[in-house]
>>> print(open('start_6.cif').read())   # mmCIF, C-alpha atoms
data_query
#
loop_
_atom_site.group_PDB
_atom_site.id
_atom_site.type_symbol
_atom_site.label_atom_id
_atom_site.label_comp_id
_atom_site.auth_asym_id
_atom_site.auth_seq_id
_atom_site.Cartn_x
_atom_site.Cartn_y
_atom_site.Cartn_z
ATOM 1 C CA MET A 1 23.650 15.015 -19.352
ATOM 2 C CA GLU A 2 23.267 11.988 -17.084
ATOM 3 C CA GLU A 3 24.236 13.626 -13.782
ATOM 4 C CA LEU A 4 24.065 17.048 -12.172
ATOM 5 C CA ARG A 5 25.908 17.803 -8.938
ATOM 6 C CA LEU A 6 25.993 21.176 -7.209
ATOM 7 C CA LYS A 7 25.932 22.851 -3.809
ATOM 8 C CA TYR A 8 22.493 23.463 -2.324
ATOM 9 C CA ASP A 9 23.368 27.101 -1.604
ATOM 10 C CA ASP A 10 24.504 27.892 -5.146
ATOM 11 C CA SER A 11 22.421 30.906 -6.195
ATOM 12 C CA ASN A 12 21.291 29.061 -9.353
ATOM 13 C CA ALA A 13 20.768 25.624 -7.756
ATOM 14 C CA ILE A 14 16.969 25.614 -8.035
ATOM 15 C CA TYR A 15 17.101 26.714 -11.678
ATOM 16 C CA PHE A 16 19.745 24.131 -12.685
ATOM 17 C CA ILE A 17 18.068 21.262 -10.821
ATOM 18 C CA SER A 18 14.582 22.070 -12.148
ATOM 19 C CA ASN A 19 15.903 22.408 -15.685
ATOM 20 C CA PHE A 20 17.645 19.016 -15.429
ATOM 21 C CA LEU A 21 14.576 17.326 -13.926
ATOM 22 C CA SER A 22 12.041 18.826 -16.335
ATOM 23 C CA THR A 23 13.329 16.696 -19.204
ATOM 24 C CA TYR A 24 12.631 13.482 -17.270
ATOM 25 C CA LEU A 25 9.347 14.203 -15.499
ATOM 26 C CA SER A 26 6.009 13.167 -16.913
ATOM 27 C CA PRO A 27 2.438 13.157 -15.632
ATOM 28 C CA ASN A 28 1.955 10.457 -13.014
ATOM 29 C CA SER A 29 5.597 10.610 -11.905
ATOM 30 C CA ILE A 30 6.168 9.184 -8.440
ATOM 31 C CA PHE A 31 8.288 10.980 -5.845
ATOM 32 C CA LEU A 32 9.605 8.330 -3.469
ATOM 33 C CA CYS A 33 11.069 10.164 -0.484
ATOM 34 C CA ILE A 34 13.154 7.758 1.588
ATOM 35 C CA GLY A 35 14.278 8.181 5.183
ATOM 36 C CA THR A 36 13.091 8.609 8.741
ATOM 37 C CA ASP A 37 12.718 11.500 11.135
ATOM 38 C CA LYS A 38 14.189 9.354 13.920
ATOM 39 C CA PHE A 39 17.641 10.482 12.775
ATOM 40 C CA ILE A 40 18.187 14.057 11.618
ATOM 41 C CA SER A 41 20.788 12.918 9.088
ATOM 42 C CA ASP A 42 18.187 10.621 7.490
ATOM 43 C CA SER A 43 15.242 13.034 7.516
ATOM 44 C CA LEU A 44 15.893 14.708 4.154
ATOM 45 C CA GLY A 45 13.534 12.450 2.168
ATOM 46 C CA PRO A 46 10.525 12.725 4.485
ATOM 47 C CA ILE A 47 10.964 16.505 4.716
ATOM 48 C CA VAL A 48 10.983 16.773 0.909
ATOM 49 C CA GLY A 49 7.928 14.494 0.850
ATOM 50 C CA ASP A 50 6.088 16.746 3.288
ATOM 51 C CA LEU A 51 6.933 19.889 1.325
ATOM 52 C CA LEU A 52 5.875 18.310 -1.981
ATOM 53 C CA SER A 53 2.684 16.699 -0.702
ATOM 54 C CA LYS A 54 1.353 20.123 0.267
ATOM 55 C CA THR A 55 2.093 21.817 -3.046
ATOM 56 C CA ILE A 56 2.112 19.600 -6.136
ATOM 57 C CA SER A 57 -0.873 18.752 -8.308
ATOM 58 C CA SER A 58 -2.797 15.509 -8.166
ATOM 59 C CA ASN A 59 -1.175 14.378 -11.459
ATOM 60 C CA TYR A 60 1.872 13.382 -9.391
ATOM 61 C CA PHE A 61 2.243 11.109 -6.395
ATOM 62 C CA VAL A 62 4.350 11.504 -3.251
ATOM 63 C CA TYR A 63 5.295 8.569 -1.037
ATOM 64 C CA GLY A 64 7.319 9.066 2.134
ATOM 65 C CA THR A 65 6.524 11.947 4.487
ATOM 66 C CA LEU A 66 7.233 12.786 8.100
ATOM 67 C CA LYS A 67 3.915 11.218 9.153
ATOM 68 C CA SER A 68 4.261 8.210 6.880
ATOM 69 C CA PRO A 69 7.976 7.588 6.283
ATOM 70 C CA ILE A 70 9.434 5.024 3.910
ATOM 71 C CA HIS A 71 12.649 3.598 5.347
ATOM 72 C CA ALA A 72 14.763 0.435 5.467
ATOM 73 C CA MET A 73 12.130 -1.547 7.363
ATOM 74 C CA ASN A 74 9.258 -0.926 4.927
ATOM 75 C CA LEU A 75 10.980 0.037 1.659
ATOM 76 C CA GLU A 76 10.544 -3.236 -0.201
ATOM 77 C CA GLU A 77 6.811 -3.556 0.555
ATOM 78 C CA ASN A 78 6.266 0.078 -0.475
ATOM 79 C CA ILE A 79 8.148 -0.413 -3.745
ATOM 80 C CA LYS A 80 5.948 -3.438 -4.555
ATOM 81 C CA TYR A 81 2.810 -1.435 -3.741
ATOM 82 C CA ILE A 82 3.915 1.569 -5.835
ATOM 83 C CA LYS A 83 4.849 -0.577 -8.849
ATOM 84 C CA LYS A 84 1.514 -2.394 -8.661
ATOM 85 C CA LYS A 85 -0.541 0.792 -8.259
ATOM 86 C CA HIS A 86 1.453 2.837 -10.820
ATOM 87 C CA PRO A 87 2.966 0.244 -13.195
ATOM 88 C CA ASN A 88 4.154 2.620 -15.921
ATOM 89 C CA SER A 89 5.137 5.645 -13.852
ATOM 90 C CA LYS A 90 8.636 7.008 -13.518
ATOM 91 C CA ILE A 91 9.976 6.922 -9.985
ATOM 92 C CA ILE A 92 12.095 9.783 -8.722
ATOM 93 C CA ALA A 93 13.815 8.520 -5.565
ATOM 94 C CA ILE A 94 14.982 11.082 -3.003
ATOM 95 C CA ASP A 95 17.259 10.293 -0.061
ATOM 96 C CA ALA A 96 19.982 11.638 2.185
ATOM 97 C CA SER A 97 23.511 10.452 1.576
ATOM 98 C CA LEU A 98 26.939 10.437 3.153
ATOM 99 C CA GLY A 99 30.051 11.596 1.320
ATOM 100 C CA ASP A 100 33.486 13.076 1.778
ATOM 101 C CA LYS A 101 33.947 16.367 3.608
ATOM 102 C CA GLU A 102 34.096 18.408 0.385
ATOM 103 C CA SER A 103 30.766 16.972 -0.787
ATOM 104 C CA ILE A 104 28.679 17.953 2.244
ATOM 105 C CA GLY A 105 25.847 20.195 1.091
ATOM 106 C CA LYS A 106 25.900 18.966 -2.494
ATOM 107 C CA ILE A 107 22.816 17.702 -4.269
ATOM 108 C CA SER A 108 23.321 15.006 -6.868
ATOM 109 C CA ILE A 109 20.721 14.142 -9.500
ATOM 110 C CA LYS A 110 21.314 11.111 -11.726
ATOM 111 C CA LYS A 111 19.380 9.328 -14.404
ATOM 112 C CA ALA A 112 19.973 6.134 -12.443
ATOM 113 C CA PRO A 113 18.549 4.381 -9.389
ATOM 114 C CA LEU A 114 19.743 5.129 -5.890
ATOM 115 C CA TYR A 115 20.914 2.565 -3.383
ATOM 116 C CA PRO A 116 19.265 3.407 -0.061
ATOM 117 C CA GLY A 117 21.247 2.568 3.064
ATOM 118 C CA LYS A 118 24.477 1.946 1.131
ATOM 119 C CA GLY A 119 26.393 4.547 3.129
ATOM 120 C CA VAL A 120 25.601 2.770 6.409
ATOM 121 C CA GLY A 121 26.185 -0.757 5.123
ATOM 122 C CA LYS A 122 22.585 -1.802 4.419
ATOM 123 C CA MET A 123 21.774 -4.018 1.450
ATOM 124 C CA LEU A 124 18.488 -2.702 0.066
ATOM 125 C CA PRO A 125 17.215 -2.934 -3.507
ATOM 126 C CA PRO A 126 18.062 -0.101 -5.897
ATOM 127 C CA VAL A 127 15.094 2.165 -6.525
ATOM 128 C CA GLY A 128 14.109 4.891 -8.961
ATOM 129 C CA ASP A 129 14.532 5.845 -12.577
ATOM 130 C CA ILE A 130 16.008 9.122 -11.390
ATOM 131 C CA SER A 131 17.765 9.644 -8.085
ATOM 132 C CA ILE A 132 18.171 12.812 -6.062
ATOM 133 C CA VAL A 133 20.467 12.707 -3.054
ATOM 134 C CA GLY A 134 21.482 15.414 -0.649
ATOM 135 C CA ILE A 135 24.855 14.811 0.985
ATOM 136 C CA VAL A 136 24.344 15.677 4.637
ATOM 137 C CA ASP A 137 27.377 14.252 6.452
ATOM 138 C CA VAL A 138 30.699 12.438 6.043
ATOM 139 C CA TYR A 139 31.065 8.652 5.870
ATOM 140 C CA ASP A 140 33.154 8.431 9.013
ATOM 141 C CA SER A 141 30.792 10.467 11.182
ATOM 142 C CA ILE A 142 29.655 7.878 13.685
ATOM 143 C CA PRO A 143 27.337 8.392 15.418
ATOM 144 C CA LEU A 144 25.304 10.129 12.733
ATOM 145 C CA ASN A 145 23.811 12.746 15.010
ATOM 146 C CA SER A 146 26.026 15.756 14.455
ATOM 147 C CA VAL A 147 23.907 17.116 11.597
ATOM 148 C CA ARG A 148 21.724 20.136 12.264
ATOM 149 C CA LEU A 149 18.048 19.909 11.318
ATOM 150 C CA GLY A 150 18.178 23.414 9.820
ATOM 151 C CA PHE A 151 20.915 22.313 7.411
ATOM 152 C CA VAL A 152 18.950 19.234 6.288
ATOM 153 C CA PHE A 153 15.797 21.356 5.956
ATOM 154 C CA ASP A 154 17.617 23.904 3.767
ATOM 155 C CA ILE A 155 18.754 21.160 1.381
ATOM 156 C CA ALA A 156 15.250 19.631 1.394
ATOM 157 C CA GLU A 157 13.731 23.003 0.563
ATOM 158 C CA VAL A 158 16.009 23.458 -2.450
ATOM 159 C CA ILE A 159 15.097 19.985 -3.723
ATOM 160 C CA ALA A 160 11.350 20.547 -3.190
ATOM 161 C CA LYS A 161 11.389 24.006 -4.817
ATOM 162 C CA SER A 162 13.359 22.590 -7.764
ATOM 163 C CA ILE A 163 10.800 19.841 -8.291
ATOM 164 C CA GLN A 164 7.915 22.309 -7.989
ATOM 165 C CA LEU A 165 9.523 24.543 -10.632
ATOM 166 C CA ALA A 166 10.316 21.584 -12.908
ATOM 167 C CA LEU A 167 6.649 20.546 -12.834
ATOM 168 C CA LYS A 168 5.664 23.960 -14.221
ATOM 169 C CA TYR A 169 7.764 23.543 -17.394
#
>>> encode(input="start_6.cif", output="structure tokens")
Amino acid sequence: MEELRLKYDDSNAIYFISNFLSTYLSPNSIFLCIGTDKFISDSLGPIVGDLLSKTISSNYFVYGTLKSPIHAMNLEENIKYIKKKHPNSKIIAIDASLGDKESIGKISIKKAPLYPGKGVGKMLPPVGDISIVGIVDVYDSIPLNSVRLGFVFDIAEVIAKSIQLALKY
């Protein structure tokens, strides 16, 4: 299976996501959590980064937290640094995304890179061997400030718990 897509509040979401991820993770995997806490709708990645950085073993690396976010302005320099420091490591890229109304609340995991900023018209380099996105709002929601922090946090928690479980397999 190359893609998994399900609602964050599905009772089996953590199990399905962790099972999918466990086949792709290896020691020294990098979790690249993209976004900024300046906009609630873009805070998913740094929240996941914070949750992971407090709980996963030192065999794995987390980049992008609330205190040290990786976003459009510093993404390229961070990617260069990560690839130089961890040349053979798999990168799991995590970011918030926009979608249609029916997709809000879905988490999508693909064995493919993600394209950060695409939903808001930014041209940034693709990143990751595996991508995890949480769909937090609709494309036409401008300004992007109608999203509740609790909703984004709930999605982030499911992603973080799924990764933590996958690392135990």
>>> atom_distance(input="start_6.cif", atom1="atom CA of A:Lys67", atom2="atom CA of A:Lys84")
22.5 Å
>>> closest_residue(input="start_6.cif", among="A:Leu66, A:Lys38, A:Val127, A:Glu77", to="A:Leu51", atoms="only C-alpha atoms")
A:Leu66
>>> resolve_selection(input="start_6.cif", expression="the PyMOL selection byres ((chain A and resi 112-118) around 7)", output="JSON, numbers by chain")
{"A": [93, 110, 111, 119, 120, 121, 122, 123, 124, 125, 126, 127, 128, 129, 130, 131]}
>>> closest_residue(input="start_6.cif", among="A:Lys101, A:His71, A:Lys106, A:His86", to="A:Asp37", atoms="all atoms listed in the file")
A:His71
>>> closest_residue(input="start_6.cif", among="A:Val133, A:Met73, A:Ala160, A:Val147", to="A:Lys54", atoms="only C-alpha atoms")
A:Ala160
>>> resolve_selection(input="start_6.cif", expression="the PyMOL selection byres ((chain A and resi 31) around 7)", output="MDAnalysis selection string")
chainID A and resid 29:30 32:33 61:63 91:93
>>> residues_around(input="start_6.cif", residues="A:Ser146", least_positions_apart="6", cutoff="9 Å", atoms="only C-alpha atoms", output="number ranges by chain")
A: 40-41, 137
>>> atom_distance(input="start_6.cif", atom1="atom CA of A:Glu3", atom2="atom CA of A:Lys80")
26.7 Å
>>> atom_distance(input="start_6.cif", atom1="atom CA of A:Ile107", atom2="atom CA of A:Ser58")
26.0 Å
>>> resolve_selection(input="start_6.cif", expression="the PyMOL selection byres ((chain A and resi 153-155) around 10)", output="number ranges by chain")
A: 7-9, 40, 43-45, 47-48, 96, 105-107, 133-136, 148-152, 156-160
>>> closest_residue(input="start_6.cif", among="A:Leu25, A:Ile94, A:Ile109, A:Leu75", to="A:Tyr60", atoms="only C-alpha atoms")
A:Leu25
>>> decode(input="start_6.cif", residues="stretch 62-105 of chain A", atoms="N, CA and C atoms", output="mmCIF file, in the first residue's frame")
data_model
loop_
_atom_site.group_PDB
_atom_site.id
_atom_site.type_symbol
_atom_site.label_atom_id
_atom_site.label_comp_id
_atom_site.auth_asym_id
_atom_site.auth_seq_id
_atom_site.Cartn_x
_atom_site.Cartn_y
_atom_site.Cartn_z
ATOM 1 N N VAL A 62 14.306 14.368 15.708
ATOM 2 C CA VAL A 62 13.150 15.235 15.461
ATOM 3 C C VAL A 62 13.659 16.633 15.158
ATOM 4 N N TYR A 63 13.209 17.177 14.044
ATOM 5 C CA TYR A 63 13.503 18.563 13.672
ATOM 6 C C TYR A 63 12.181 19.280 13.461
ATOM 7 N N GLY A 64 12.054 20.452 14.083
ATOM 8 C CA GLY A 64 10.836 21.246 13.960
ATOM 9 C C GLY A 64 9.957 21.080 15.182
ATOM 10 N N THR A 65 10.064 22.031 16.103
ATOM 11 C CA THR A 65 9.252 22.024 17.330
ATOM 12 C C THR A 65 8.671 23.417 17.513
ATOM 13 N N LEU A 66 7.885 23.584 18.551
ATOM 14 C CA LEU A 66 7.317 24.899 18.829
ATOM 15 C C LEU A 66 8.410 25.920 19.138
ATOM 16 N N LYS A 67 9.458 25.495 19.835
ATOM 17 C CA LYS A 67 10.550 26.421 20.175
ATOM 18 C C LYS A 67 11.521 26.632 19.026
ATOM 19 N N SER A 68 11.603 25.678 18.140
ATOM 20 C CA SER A 68 12.538 25.755 17.024
ATOM 21 C C SER A 68 11.855 25.278 15.739
ATOM 22 N N PRO A 69 10.908 26.083 15.237
ATOM 23 C CA PRO A 69 10.112 25.639 14.084
ATOM 24 C C PRO A 69 10.889 25.640 12.767
ATOM 25 N N ILE A 70 10.476 24.756 11.887
ATOM 26 C CA ILE A 70 11.001 24.725 10.519
ATOM 27 C C ILE A 70 9.828 25.104 9.620
ATOM 28 N N HIS A 71 10.006 26.192 8.886
ATOM 29 C CA HIS A 71 8.911 26.768 8.092
ATOM 30 C C HIS A 71 9.457 27.271 6.761
ATOM 31 N N ALA A 72 8.627 27.932 5.987
ATOM 32 C CA ALA A 72 8.996 28.373 4.641
ATOM 33 C C ALA A 72 10.300 29.166 4.603
ATOM 34 N N MET A 73 10.553 29.983 5.605
ATOM 35 C CA MET A 73 11.712 30.858 5.594
ATOM 36 C C MET A 73 13.041 30.134 5.876
ATOM 37 N N ASN A 74 12.978 28.983 6.541
ATOM 38 C CA ASN A 74 14.234 28.298 6.879
ATOM 39 C C ASN A 74 14.257 26.829 6.437
ATOM 40 N N LEU A 75 13.274 26.417 5.659
ATOM 41 C CA LEU A 75 13.153 25.012 5.264
ATOM 42 C C LEU A 75 14.361 24.530 4.461
ATOM 43 N N GLU A 76 14.734 25.271 3.446
ATOM 44 C CA GLU A 76 15.805 24.804 2.564
ATOM 45 C C GLU A 76 17.132 24.642 3.309
ATOM 46 N N GLU A 77 17.473 25.603 4.173
ATOM 47 C CA GLU A 77 18.736 25.485 4.921
ATOM 48 C C GLU A 77 18.680 24.314 5.896
ATOM 49 N N ASN A 78 17.516 24.053 6.480
ATOM 50 C CA ASN A 78 17.377 22.913 7.392
ATOM 51 C C ASN A 78 17.471 21.588 6.649
ATOM 52 N N ILE A 79 16.895 21.515 5.459
ATOM 53 C CA ILE A 79 16.990 20.284 4.671
ATOM 54 C C ILE A 79 18.451 19.997 4.337
ATOM 55 N N LYS A 80 19.197 21.015 3.927
ATOM 56 C CA LYS A 80 20.628 20.837 3.620
ATOM 57 C C LYS A 80 21.383 20.333 4.849
ATOM 58 N N TYR A 81 21.111 20.946 6.002
ATOM 59 C CA TYR A 81 21.769 20.548 7.244
ATOM 60 C C TYR A 81 21.451 19.087 7.588
ATOM 61 N N ILE A 82 20.171 18.728 7.516
ATOM 62 C CA ILE A 82 19.732 17.371 7.865
ATOM 63 C C ILE A 82 20.370 16.347 6.932
ATOM 64 N N LYS A 83 20.379 16.627 5.631
ATOM 65 C CA LYS A 83 20.958 15.678 4.673
ATOM 66 C C LYS A 83 22.465 15.536 4.856
ATOM 67 N N LYS A 84 23.119 16.607 5.284
ATOM 68 C CA LYS A 84 24.561 16.538 5.533
ATOM 69 C C LYS A 84 24.852 15.768 6.822
ATOM 70 N N LYS A 85 24.069 16.032 7.861
ATOM 71 C CA LYS A 85 24.286 15.390 9.158
ATOM 72 C C LYS A 85 23.833 13.927 9.167
ATOM 73 N N HIS A 86 22.779 13.621 8.422
ATOM 74 C CA HIS A 86 22.204 12.260 8.392
ATOM 75 C C HIS A 86 22.050 11.816 6.934
ATOM 76 N N PRO A 87 23.138 11.577 6.221
ATOM 77 C CA PRO A 87 23.067 11.359 4.772
ATOM 78 C C PRO A 87 22.256 10.146 4.317
ATOM 79 N N ASN A 88 22.170 9.117 5.112
ATOM 80 C CA ASN A 88 21.475 7.903 4.670
ATOM 81 C C ASN A 88 20.182 7.634 5.420
ATOM 82 N N SER A 89 19.686 8.627 6.131
ATOM 83 C CA SER A 89 18.481 8.429 6.940
ATOM 84 C C SER A 89 17.213 8.726 6.142
ATOM 85 N N LYS A 90 16.185 7.961 6.448
ATOM 86 C CA LYS A 90 14.874 8.245 5.860
ATOM 87 C C LYS A 90 14.279 9.465 6.543
ATOM 88 N N ILE A 91 13.632 10.304 5.752
ATOM 89 C CA ILE A 91 12.982 11.488 6.299
ATOM 90 C C ILE A 91 11.477 11.302 6.219
ATOM 91 N N ILE A 92 10.841 11.434 7.372
ATOM 92 C CA ILE A 92 9.387 11.410 7.454
ATOM 93 C C ILE A 92 8.970 12.861 7.671
ATOM 94 N N ALA A 93 8.340 13.451 6.657
ATOM 95 C CA ALA A 93 7.954 14.859 6.703
ATOM 96 C C ALA A 93 6.508 14.973 7.174
ATOM 97 N N ILE A 94 6.272 15.877 8.115
ATOM 98 C CA ILE A 94 4.951 16.039 8.723
ATOM 99 C C ILE A 94 4.544 17.501 8.594
ATOM 100 N N ASP A 95 3.318 17.735 8.100
ATOM 101 C CA ASP A 95 2.864 19.105 7.877
ATOM 102 C C ASP A 95 1.350 19.152 7.905
ATOM 103 N N ALA A 96 0.835 20.354 8.109
ATOM 104 C CA ALA A 96 -0.599 20.608 7.977
ATOM 105 C C ALA A 96 -0.907 20.796 6.499
ATOM 106 N N SER A 97 -2.160 20.584 6.146
ATOM 107 C CA SER A 97 -2.559 20.727 4.756
ATOM 108 C C SER A 97 -3.975 21.299 4.679
ATOM 109 N N LEU A 98 -4.293 21.813 3.512
ATOM 110 C CA LEU A 98 -5.646 22.270 3.228
ATOM 111 C C LEU A 98 -6.282 21.276 2.270
ATOM 112 N N GLY A 99 -7.594 21.157 2.315
ATOM 113 C CA GLY A 99 -8.290 20.228 1.433
ATOM 114 C C GLY A 99 -9.722 20.666 1.222
ATOM 115 N N ASP A 100 -10.528 19.767 0.673
ATOM 116 C CA ASP A 100 -11.945 20.100 0.520
ATOM 117 C C ASP A 100 -12.657 19.851 1.847
ATOM 118 N N LYS A 101 -13.879 20.321 1.939
ATOM 119 C CA LYS A 101 -14.618 20.274 3.205
ATOM 120 C C LYS A 101 -14.727 18.854 3.767
ATOM 121 N N GLU A 102 -14.917 17.878 2.884
ATOM 122 C CA GLU A 102 -15.078 16.486 3.323
ATOM 123 C C GLU A 102 -13.782 15.891 3.853
ATOM 124 N N SER A 103 -12.655 16.497 3.520
ATOM 125 C CA SER A 103 -11.354 15.961 3.935
ATOM 126 C C SER A 103 -10.854 16.514 5.265
ATOM 127 N N ILE A 104 -11.484 17.549 5.780
ATOM 128 C CA ILE A 104 -11.020 18.149 7.035
ATOM 129 C C ILE A 104 -11.017 17.084 8.135
ATOM 130 N N GLY A 105 -9.905 16.989 8.837
ATOM 131 C CA GLY A 105 -9.763 16.007 9.900
ATOM 132 C C GLY A 105 -9.130 14.706 9.450
#
